[in-house]
$ cat input.cif   # mmCIF, C-alpha atoms (C1' of nucleotides)
data_data
loop_
_atom_site.label_atom_id
_atom_site.label_comp_id
_atom_site.auth_asym_id
_atom_site.auth_seq_id
_atom_site.Cartn_x
_atom_site.Cartn_y
_atom_site.Cartn_z
CA MET A 20 25.07 -58.15 61.28
CA ARG A 21 26.87 -55.22 59.70
CA ALA A 22 30.34 -55.89 58.35
CA ILE A 23 33.18 -54.57 60.50
CA SER A 24 35.28 -52.16 58.48
CA HIS A 25 39.05 -51.99 58.64
CA PRO A 26 41.34 -49.57 56.82
CA VAL A 27 43.72 -50.95 54.23
CA THR A 28 47.40 -51.00 54.99
CA GLU A 29 48.25 -48.17 52.61
CA GLN A 30 45.98 -45.76 54.45
CA LEU A 31 47.65 -46.04 57.83
CA SER A 32 49.15 -42.76 58.97
CA LEU A 33 52.08 -42.53 61.33
CA ALA A 34 50.47 -39.83 63.46
CA GLY A 35 47.28 -41.87 63.55
CA VAL A 36 49.03 -45.02 64.69
CA LEU A 37 51.03 -43.15 67.32
CA HIS A 38 47.91 -41.43 68.56
CA ALA A 39 46.10 -44.73 68.89
CA LEU A 40 49.02 -46.04 70.91
CA SER A 41 49.30 -42.98 73.12
CA ASP A 42 46.60 -43.94 75.61
CA PRO A 43 47.41 -46.19 78.59
CA VAL A 44 44.26 -48.26 78.20
CA ARG A 45 44.89 -48.88 74.52
CA LEU A 46 48.52 -49.67 75.21
CA GLU A 47 47.32 -52.26 77.68
CA ILE A 48 44.97 -53.74 75.10
CA VAL A 49 47.74 -53.95 72.53
CA ARG A 50 49.98 -55.54 75.11
CA ALA A 51 47.32 -58.14 75.85
CA LEU A 52 47.18 -59.02 72.16
CA ALA A 53 50.92 -59.31 71.67
CA GLY A 54 52.18 -62.61 70.34
CA ASP A 55 49.33 -63.18 67.89
CA ILE A 56 46.87 -63.79 70.64
CA GLU A 57 43.24 -63.45 69.68
CA ARG A 58 40.90 -62.48 72.48
CA SER A 59 37.27 -61.60 72.85
CA CYS A 60 36.56 -58.11 74.16
CA GLY A 61 35.77 -59.36 77.62
CA GLU A 62 39.01 -61.28 77.91
CA LEU A 63 41.19 -58.21 77.57
CA GLY A 64 41.14 -57.47 81.26
CA VAL A 65 41.18 -53.70 81.12
CA PRO A 66 39.45 -51.90 84.00
CA VAL A 67 36.95 -49.78 82.06
CA SER A 68 33.27 -50.09 81.31
CA LYS A 69 32.01 -52.02 78.31
CA SER A 70 31.19 -48.88 76.38
CA THR A 71 34.60 -47.34 77.04
CA LEU A 72 36.29 -50.56 76.00
CA SER A 73 34.24 -50.62 72.83
CA HIS A 74 35.34 -47.06 72.13
CA HIS A 75 39.02 -47.85 72.56
CA LEU A 76 38.73 -50.91 70.37
CA LYS A 77 37.17 -48.77 67.69
CA VAL A 78 40.04 -46.28 67.89
CA LEU A 79 42.57 -49.08 67.53
CA ARG A 80 40.61 -50.63 64.68
CA ASP A 81 40.23 -47.31 62.85
CA ALA A 82 43.94 -46.67 63.19
CA GLY A 83 44.57 -50.05 61.56
CA LEU A 84 46.22 -51.62 64.57
CA THR A 85 43.68 -54.34 65.26
CA GLN A 86 41.10 -56.38 63.44
CA THR A 87 37.85 -57.71 64.76
CA ARG A 88 36.18 -60.93 63.75
CA ALA A 89 32.61 -61.73 64.74
CA ASP A 90 31.88 -65.25 65.90
CA GLY A 91 28.51 -65.85 67.41
CA VAL A 92 27.98 -63.49 70.27
CA HIS A 93 31.67 -62.74 70.60
CA ARG A 94 33.99 -60.35 68.79
CA PHE A 95 37.50 -61.65 68.59
CA VAL A 96 40.16 -58.99 68.46
CA SER A 97 43.72 -59.46 67.25
CA LEU A 98 46.66 -57.31 66.27
CA ARG A 99 47.33 -56.56 62.62
CA ALA A 100 50.99 -56.94 63.39
CA ALA A 101 52.01 -57.94 59.88
CA ASP A 102 50.10 -55.11 58.23
CA VAL A 103 51.48 -52.48 60.59
CA ASP A 104 54.94 -53.88 60.16
CA ALA A 105 54.62 -53.71 56.39
CA ARG A 106 53.75 -50.05 56.63
CA PHE A 107 56.03 -49.03 59.51
CA PRO A 108 58.68 -51.71 59.90
CA GLY A 109 59.83 -52.18 63.46
CA LEU A 110 57.50 -49.68 65.05
CA LEU A 111 54.96 -51.99 66.60
CA GLY A 112 57.55 -54.43 67.84
CA CYS A 113 59.44 -51.63 69.46
CA VAL A 114 56.41 -50.21 71.22
CA LEU A 115 55.29 -53.67 72.23
CA GLU A 116 58.60 -54.45 73.83
CA HIS A 117 58.58 -51.30 75.93
CA ALA A 118 54.89 -51.61 76.78
CA SER A 119 55.46 -55.08 78.17
CA ARG A 120 58.49 -54.13 80.18
CA ARG A 121 56.77 -51.16 81.73
CA ALA A 122 53.63 -53.10 82.55
CA SER A 123 55.55 -55.86 84.25
CA ARG A 124 57.64 -53.43 86.27
CA ARG A 125 54.70 -51.17 87.04
CA ILE A 126 56.72 -47.99 86.76
CA MET B 22 65.78 -15.46 82.77
CA ARG B 23 64.01 -18.39 84.37
CA ALA B 24 65.65 -21.79 83.94
CA ILE B 25 64.04 -24.06 81.40
CA SER B 26 62.97 -27.30 83.04
CA HIS B 27 63.36 -30.71 81.47
CA PRO B 28 62.23 -34.05 82.90
CA VAL B 29 64.89 -36.59 83.79
CA THR B 30 65.22 -39.68 81.67
CA GLU B 31 63.73 -42.02 84.24
CA GLN B 32 60.46 -40.12 84.30
CA LEU B 33 59.64 -40.49 80.62
CA SER B 34 56.48 -42.47 80.05
CA LEU B 35 55.82 -44.48 76.93
CA ALA B 36 52.30 -43.17 76.53
CA GLY B 37 53.57 -39.64 77.09
CA VAL B 38 56.26 -39.94 74.45
CA LEU B 39 53.87 -41.50 71.96
CA HIS B 40 51.32 -38.80 72.64
CA ALA B 41 53.87 -36.08 72.05
CA LEU B 42 54.74 -37.72 68.76
CA SER B 43 51.14 -38.21 67.66
CA ASP B 44 50.60 -34.71 66.29
CA PRO B 45 51.58 -33.90 62.70
CA VAL B 46 53.09 -30.54 63.63
CA ARG B 47 55.22 -32.05 66.38
CA LEU B 48 56.24 -34.91 64.12
CA GLU B 49 57.39 -32.30 61.65
CA ILE B 50 59.39 -30.53 64.34
CA VAL B 51 61.04 -33.76 65.42
CA ARG B 52 61.83 -34.54 61.82
CA ALA B 53 63.44 -31.13 61.42
CA LEU B 54 65.68 -31.87 64.39
CA ALA B 55 66.74 -35.34 63.27
CA GLY B 56 70.45 -35.90 62.91
CA ASP B 57 71.46 -33.91 65.95
CA ILE B 58 70.55 -30.63 64.33
CA GLU B 59 70.03 -27.74 66.71
CA ARG B 60 67.68 -25.06 65.51
CA SER B 61 66.13 -21.91 66.88
CA CYS B 62 62.35 -21.90 67.11
CA GLY B 63 61.98 -19.76 64.05
CA GLU B 64 64.13 -22.04 61.92
CA LEU B 65 61.86 -25.02 62.31
CA GLY B 66 59.71 -24.10 59.37
CA VAL B 67 56.35 -25.28 60.62
CA PRO B 68 53.32 -23.38 59.38
CA VAL B 69 51.79 -22.30 62.69
CA SER B 70 51.78 -19.11 64.70
CA LYS B 71 54.53 -18.32 67.18
CA SER B 72 52.33 -19.08 70.17
CA THR B 73 51.20 -22.39 68.73
CA LEU B 74 54.78 -23.33 67.96
CA SER B 75 55.79 -22.42 71.48
CA HIS B 76 53.01 -24.65 72.79
CA HIS B 77 54.13 -27.62 70.70
CA LEU B 78 57.71 -27.14 71.76
CA LYS B 79 56.60 -27.17 75.36
CA VAL B 80 54.71 -30.43 74.83
CA LEU B 81 57.79 -32.00 73.29
CA ARG B 82 60.00 -30.66 76.05
CA ASP B 83 57.67 -31.85 78.81
CA ALA B 84 57.53 -35.29 77.25
CA GLY B 85 61.33 -35.38 77.37
CA LEU B 86 61.83 -35.48 73.63
CA THR B 87 63.62 -32.17 73.19
CA GLN B 88 65.77 -29.81 75.14
CA THR B 89 65.93 -26.05 74.87
CA ARG B 90 68.99 -23.91 75.38
CA ALA B 91 68.76 -20.14 75.69
CA ASP B 92 71.35 -18.09 73.87
CA GLY B 93 70.77 -14.40 73.68
CA VAL B 94 67.41 -13.73 72.17
CA HIS B 95 67.18 -17.21 70.66
CA ARG B 96 66.12 -20.55 72.09
CA PHE B 97 67.92 -23.41 70.46
CA VAL B 98 65.99 -26.65 70.36
CA SER B 99 67.46 -30.10 69.86
CA LEU B 100 66.39 -33.70 70.22
CA ARG B 101 67.27 -35.63 73.37
CA ALA B 102 67.89 -38.61 71.15
CA ALA B 103 70.34 -40.31 73.47
CA ASP B 104 68.10 -39.92 76.53
CA VAL B 105 65.03 -41.20 74.75
CA ASP B 106 67.00 -44.07 73.34
CA ALA B 107 68.29 -44.99 76.77
CA ARG B 108 64.74 -45.21 78.04
CA PHE B 109 63.06 -46.70 74.97
CA PRO B 110 65.75 -48.19 72.76
CA GLY B 111 64.97 -48.00 69.09
CA LEU B 112 61.71 -46.13 69.41
CA LEU B 113 62.78 -42.68 68.34
CA GLY B 114 64.94 -43.93 65.52
CA CYS B 115 62.07 -45.97 64.22
CA VAL B 116 59.60 -43.11 64.31
CA LEU B 117 62.16 -40.77 62.81
CA GLU B 118 62.79 -43.06 59.90
CA HIS B 119 59.12 -43.34 59.04
CA ALA B 120 58.47 -39.66 59.62
CA SER B 121 61.23 -38.73 57.19
CA ARG B 122 60.17 -41.20 54.56
CA ARG B 123 56.58 -40.03 54.66
CA ALA B 124 57.50 -36.37 54.58
CA SER B 125 59.85 -36.74 51.64
CA ARG B 126 57.37 -38.76 49.65
CA ARG B 127 54.44 -36.60 50.68
CA ILE B 128 52.10 -39.57 50.98
"C1'" DA C 26 9.19 -67.61 72.54
"C1'" DT C 27 11.77 -66.01 76.32
"C1'" DC C 28 15.75 -64.91 78.40
"C1'" DA C 29 20.63 -64.01 79.37
"C1'" DT C 30 25.02 -62.63 77.45
"C1'" DC C 31 28.15 -59.97 74.63
"C1'" DG C 32 29.06 -56.00 72.57
"C1'" DT C 33 27.71 -51.50 70.04
"C1'" DT C 34 25.52 -47.07 69.90
"C1'" DC C 35 23.84 -42.90 71.89
"C1'" DG C 36 23.69 -38.98 74.91
"C1'" DA C 37 25.92 -36.58 78.29
"C1'" DC C 38 29.54 -34.73 80.77
"C1'" DA C 39 34.12 -33.05 82.22
"C1'" DC C 40 38.40 -32.24 80.59
"C1'" DA C 41 42.27 -31.92 77.34
"C1'" DT C 42 44.02 -30.05 73.10
"C1'" DG C 43 45.20 -27.17 68.96
"C1'" DT C 44 44.76 -22.76 67.37
"C1'" DC C 45 45.10 -17.87 67.44
"C1'" DG C 46 45.86 -12.87 68.85
"C1'" DT C 47 47.52 -9.95 72.30
"C1'" DA C 48 50.34 -8.66 75.92
"C1'" DC C 49 54.61 -9.35 78.11
"C1'" DT C 50 59.71 -10.35 78.96
"C1'" DT C 51 64.19 -10.65 77.57
"C1'" DT C 52 67.87 -9.48 74.71
"C1'" DG C 53 70.53 -6.94 71.41
"C1'" DC C 54 71.21 -2.74 68.64
"C1'" DG C 55 70.90 2.17 67.22
"C1'" DC D 27 67.44 5.19 76.54
"C1'" DG D 28 64.22 3.73 73.02
"C1'" DC D 29 63.10 0.34 69.75
"C1'" DA D 30 62.84 -4.02 67.20
"C1'" DA D 31 63.07 -9.03 67.35
"C1'" DA D 32 62.50 -13.80 69.51
"C1'" DG D 33 59.85 -16.39 72.35
"C1'" DT D 34 56.68 -17.14 76.24
"C1'" DA D 35 52.38 -16.68 78.86
"C1'" DC D 36 47.63 -15.85 78.97
"C1'" DG D 37 42.90 -15.78 77.67
"C1'" DA D 38 39.55 -17.34 74.45
"C1'" DC D 39 37.49 -20.42 71.44
"C1'" DA D 40 36.14 -24.62 68.91
"C1'" DT D 41 36.94 -29.29 68.74
"C1'" DG D 42 38.41 -33.77 70.29
"C1'" DT D 43 38.67 -37.29 73.89
"C1'" DG D 44 37.85 -40.50 77.77
"C1'" DT D 45 34.43 -41.87 80.68
"C1'" DC D 46 30.00 -43.63 82.05
"C1'" DG D 47 25.06 -45.42 82.10
"C1'" DA D 48 21.14 -46.62 79.54
"C1'" DA D 49 19.12 -48.34 75.56
"C1'" DC D 50 19.56 -51.26 71.71
"C1'" DG D 51 20.76 -55.40 68.69
"C1'" DA D 52 22.45 -59.92 67.74
"C1'" DT D 53 23.25 -64.54 69.15
"C1'" DG D 54 22.76 -68.69 71.63
"C1'" DA D 55 20.53 -71.44 75.37
"C1'" DT D 56 16.34 -72.96 77.81
#
$ encode --input "input.cif" --output "structure tokens"
Amino acid sequence: MRAISHPVTEQLSLAGVLHALSDPVRLEIVRALAGDIERSCGELGVPVSKSTLSHHLKVLRDAGLTQTRADGVHRFVSLRAADVDARFPGLLGCVLEHASRRASRRI
Amino acid sequence: MRAISHPVTEQLSLAGVLHALSDPVRLEIVRALAGDIERSCGELGVPVSKSTLSHHLKVLRDAGLTQTRADGVHRFVSLRAADVDARFPGLLGCVLEHASRRASRRI
DNA sequence: ATCATCGTTCGACACATGTCGTACTTTGCG
DNA sequence: CGCAAAGTACGACATGTGTCGAACGATGAT
């Protein structure tokens, strides 16, 4: 199995992070991972096909927002909250808070 | 002169705001307007053509991030910082801080 | 070994986006 | 009025993006 590559913290760009967060599906994924929850791809509960989900996870991973760990047949995804916070303090927490509120109120 | 339309605060979407902020040129524009500075389009100092600048300003305006006021032959643009903050507290300030830091350090 | 499951990769497709030049509108000035 | 300046609107173009299904690969169970 090929190693899964992740960018180092120093390489994260603000525009890149914001772009990764600017899609409703990806926002939903990030929301599902809030609170240091690690989930397999199938447990994310987003209503898109497997290939589309894989694409979005790659975008998030390439932007440095998530990390993926292979374990058997599963890929466990989690937020790189600490890394993002080290680079852009407060940003992820802020987005996360508003993403959760909006999702729960379905506005 | 046709009235310039701006969305009301309640209509701002998180994904929409993040998308508007996810372009380097628009991030630069927002940075130039930080601190309640009102500028005409030509004073923004972004290295794109007039039509491209107009397009970016429209994206920002439609996302609810800026407002435009016509005065004679000029259009004065400013941030809707208070409105955005009412809808997504902390978000704009956070992005602004990181946008400024990155721009000044040219990383 | 065979098979099912999980996820990635690959085309393909429609659509959005960033960019520009040109034409146009509005405004102010001579 | 005639002209220059500030922006906007439009058309065109290349590129990026979100979506899917089908094919593939890796892993674990039978």
$ resolve_selection --input "input.cif" --expression "the PyMOL selection byres ((chain C) within 12 of (chain B))" --output "ChimeraX atom specification"
/C:42-47,50-53
$ closest_atom_pairs --input "input.cif" --of "chain D" --to "chain A" --cutoff "10 Å" --atoms "only C-alpha atoms (C1' of nucleotides)" --output "Markdown table"
| residue | atom | partner | partner_atom | distance |
| --- | --- | --- | --- | --- |
| D:DG44 | C1' | A:Thr71 | CA | 7.6 |
| D:DT45 | C1' | A:Thr71 | CA | 6.6 |
| D:DC46 | C1' | A:Ser68 | CA | 7.3 |
| D:DG47 | C1' | A:Ser70 | CA | 9.1 |
| D:DG51 | C1' | A:Met20 | CA | 9.0 |
| D:DA52 | C1' | A:Val92 | CA | 7.1 |
| D:DT53 | C1' | A:Val92 | CA | 5.0 |
| D:DG54 | C1' | A:Val92 | CA | 7.5 |
$ closest_residue --input "input.cif" --among "B:Val46, B:Leu74, B:Val80, B:Asp57" --to "Arg101 (chain B)" --atoms "only C-alpha atoms"
B:Asp57
$ resolve_selection --input "input.cif" --expression "the PyMOL selection byres ((chain A) within 10 of (chain B))" --output "NGL selection string"
:A and (29-30 or 32-46 or 106-114 or 116-118 or 121 or 126)
$ calpha_fit_and_write --input "input.cif" --fixed "chain B" --moving "chain A" --output "CSV table (one decimal) with C-alpha atoms, in the coordinates of the input"
chain,number,residue,atom,x,y,z
A,20,MET,CA,65.6,-15.4,82.8
A,21,ARG,CA,63.8,-18.4,84.3
A,22,ALA,CA,65.5,-21.7,83.9
A,23,ILE,CA,64.0,-24.1,81.4
A,24,SER,CA,62.9,-27.3,83.0
A,25,HIS,CA,63.3,-30.7,81.5
A,26,PRO,CA,62.2,-34.0,82.9
A,27,VAL,CA,64.9,-36.6,83.8
A,28,THR,CA,65.2,-39.7,81.7
A,29,GLU,CA,63.7,-42.0,84.3
A,30,GLN,CA,60.5,-40.1,84.3
A,31,LEU,CA,59.7,-40.5,80.6
A,32,SER,CA,56.5,-42.5,80.0
A,33,LEU,CA,55.8,-44.5,76.9
A,34,ALA,CA,52.3,-43.2,76.5
A,35,GLY,CA,53.6,-39.6,77.1
A,36,VAL,CA,56.3,-40.0,74.4
A,37,LEU,CA,53.9,-41.5,71.9
A,38,HIS,CA,51.3,-38.8,72.6
A,39,ALA,CA,53.9,-36.1,72.0
A,40,LEU,CA,54.8,-37.8,68.7
A,41,SER,CA,51.2,-38.2,67.6
A,42,ASP,CA,50.6,-34.7,66.2
A,43,PRO,CA,51.7,-33.9,62.6
A,44,VAL,CA,53.2,-30.6,63.6
A,45,ARG,CA,55.3,-32.1,66.3
A,46,LEU,CA,56.3,-34.9,64.1
A,47,GLU,CA,57.5,-32.3,61.6
A,48,ILE,CA,59.5,-30.5,64.3
A,49,VAL,CA,61.1,-33.8,65.4
A,50,ARG,CA,61.9,-34.5,61.8
A,51,ALA,CA,63.5,-31.1,61.4
A,52,LEU,CA,65.8,-31.9,64.4
A,53,ALA,CA,66.8,-35.3,63.3
A,54,GLY,CA,70.5,-35.9,62.9
A,55,ASP,CA,71.5,-33.9,66.0
A,56,ILE,CA,70.6,-30.7,64.4
A,57,GLU,CA,70.1,-27.8,66.8
A,58,ARG,CA,67.7,-25.1,65.5
A,59,SER,CA,66.2,-21.9,66.9
A,60,CYS,CA,62.4,-21.9,67.1
A,61,GLY,CA,62.1,-19.8,64.0
A,62,GLU,CA,64.2,-22.1,61.9
A,63,LEU,CA,61.9,-25.0,62.3
A,64,GLY,CA,59.8,-24.1,59.3
A,65,VAL,CA,56.5,-25.3,60.6
A,66,PRO,CA,53.4,-23.4,59.3
A,67,VAL,CA,51.8,-22.3,62.6
A,68,SER,CA,51.8,-19.1,64.6
A,69,LYS,CA,54.5,-18.3,67.1
A,70,SER,CA,52.3,-19.1,70.1
A,71,THR,CA,51.2,-22.4,68.6
A,72,LEU,CA,54.8,-23.3,67.9
A,73,SER,CA,55.8,-22.4,71.4
A,74,HIS,CA,53.0,-24.7,72.7
A,75,HIS,CA,54.1,-27.7,70.6
A,76,LEU,CA,57.7,-27.2,71.7
A,77,LYS,CA,56.6,-27.2,75.3
A,78,VAL,CA,54.7,-30.5,74.8
A,79,LEU,CA,57.8,-32.0,73.3
A,80,ARG,CA,60.0,-30.7,76.0
A,81,ASP,CA,57.6,-31.9,78.8
A,82,ALA,CA,57.5,-35.3,77.2
A,83,GLY,CA,61.3,-35.4,77.4
A,84,LEU,CA,61.9,-35.5,73.6
A,85,THR,CA,63.6,-32.2,73.2
A,86,GLN,CA,65.8,-29.8,75.2
A,87,THR,CA,65.9,-26.1,74.9
A,88,ARG,CA,69.0,-23.9,75.4
A,89,ALA,CA,68.7,-20.1,75.7
A,90,ASP,CA,71.3,-18.1,73.9
A,91,GLY,CA,70.7,-14.4,73.8
A,92,VAL,CA,67.4,-13.7,72.2
A,93,HIS,CA,67.2,-17.2,70.7
A,94,ARG,CA,66.1,-20.6,72.1
A,95,PHE,CA,67.9,-23.4,70.5
A,96,VAL,CA,66.0,-26.7,70.4
A,97,SER,CA,67.5,-30.1,69.9
A,98,LEU,CA,66.4,-33.7,70.3
A,99,ARG,CA,67.3,-35.6,73.4
A,100,ALA,CA,67.9,-38.6,71.2
A,101,ALA,CA,70.4,-40.3,73.5
A,102,ASP,CA,68.1,-39.9,76.6
A,103,VAL,CA,65.0,-41.2,74.8
A,104,ASP,CA,67.0,-44.1,73.4
A,105,ALA,CA,68.3,-45.0,76.8
A,106,ARG,CA,64.8,-45.2,78.1
A,107,PHE,CA,63.1,-46.7,75.0
A,108,PRO,CA,65.8,-48.2,72.8
A,109,GLY,CA,65.0,-48.0,69.1
A,110,LEU,CA,61.8,-46.1,69.4
A,111,LEU,CA,62.8,-42.7,68.3
A,112,GLY,CA,65.0,-43.9,65.5
A,113,CYS,CA,62.1,-46.0,64.2
A,114,VAL,CA,59.6,-43.1,64.3
A,115,LEU,CA,62.2,-40.8,62.8
A,116,GLU,CA,62.8,-43.1,59.9
A,117,HIS,CA,59.2,-43.3,59.0
A,118,ALA,CA,58.5,-39.6,59.6
A,119,SER,CA,61.2,-38.7,57.1
A,120,ARG,CA,60.0,-41.1,54.5
A,121,ARG,CA,56.5,-40.0,54.7
A,122,ALA,CA,57.4,-36.3,54.7
A,123,SER,CA,59.5,-36.7,51.6
A,124,ARG,CA,56.9,-38.7,49.8
A,125,ARG,CA,54.1,-36.5,50.9
A,126,ILE,CA,51.6,-39.3,51.3
$ resolve_selection --input "input.cif" --expression "the PyMOL selection byres ((chain D and resi 55) around 9)" --output "list in words"
DC28 and DA29 of chain C; DG54 and DT56 of chain D
$ closest_residue --input "input.cif" --among "C:DT27, C:DG32, C:DC49, C:DC40" --to "DG33 (chain D)" --atoms "only C-alpha atoms (C1' of nucleotides)"
C:DC49
$ atom_distance --input "input.cif" --atom1 "CA of Asp106 (chain B)" --atom2 "CA of Leu86 (chain B)"
10.0 Å
$ atom_distance --input "input.cif" --atom1 "CA of Ser99 (chain B)" --atom2 "CA of Glu59 (chain B)"
4.7 Å
$ atom_distance --input "input.cif" --atom1 "CA of Leu117 (chain B)" --atom2 "CA of Leu100 (chain B)"
11.1 Å
$ build_atoms --input "input.cif" --residues "region 96-107 of chain A" --atoms "N, CA and C atoms" --output "short mmCIF file (atom, residue, chain, number, x, y, z; two decimals), keeping the file's coordinate frame"
data_model
loop_
_atom_site.label_atom_id
_atom_site.label_comp_id
_atom_site.auth_asym_id
_atom_site.auth_seq_id
_atom_site.Cartn_x
_atom_site.Cartn_y
_atom_site.Cartn_z
N VAL A 96 39.26 -60.07 68.85
CA VAL A 96 40.16 -58.99 68.46
C VAL A 96 41.58 -59.53 68.36
N SER A 97 42.31 -59.08 67.36
CA SER A 97 43.72 -59.46 67.25
C SER A 97 44.50 -58.31 66.62
N LEU A 98 45.79 -58.33 66.83
CA LEU A 98 46.66 -57.31 66.27
C LEU A 98 46.85 -57.54 64.77
N ARG A 99 46.96 -56.45 64.03
CA ARG A 99 47.33 -56.56 62.62
C ARG A 99 48.84 -56.33 62.52
N ALA A 100 49.55 -57.15 63.26
CA ALA A 100 50.99 -56.94 63.39
C ALA A 100 51.69 -56.93 62.03
N ALA A 101 51.33 -57.86 61.17
CA ALA A 101 52.01 -57.94 59.88
C ALA A 101 51.71 -56.71 59.03
N ASP A 102 50.46 -56.29 59.04
CA ASP A 102 50.10 -55.11 58.23
C ASP A 102 50.82 -53.86 58.73
N VAL A 103 50.81 -53.66 60.04
CA VAL A 103 51.48 -52.48 60.59
C VAL A 103 52.97 -52.54 60.31
N ASP A 104 53.51 -53.73 60.40
CA ASP A 104 54.94 -53.88 60.16
C ASP A 104 55.30 -53.63 58.70
N ALA A 105 54.37 -53.96 57.81
CA ALA A 105 54.62 -53.71 56.39
C ALA A 105 54.65 -52.21 56.12
N ARG A 106 53.85 -51.50 56.85
CA ARG A 106 53.75 -50.05 56.63
C ARG A 106 54.84 -49.30 57.40
N PHE A 107 55.04 -49.70 58.65
CA PHE A 107 56.03 -49.03 59.51
C PHE A 107 56.93 -50.07 60.15
#
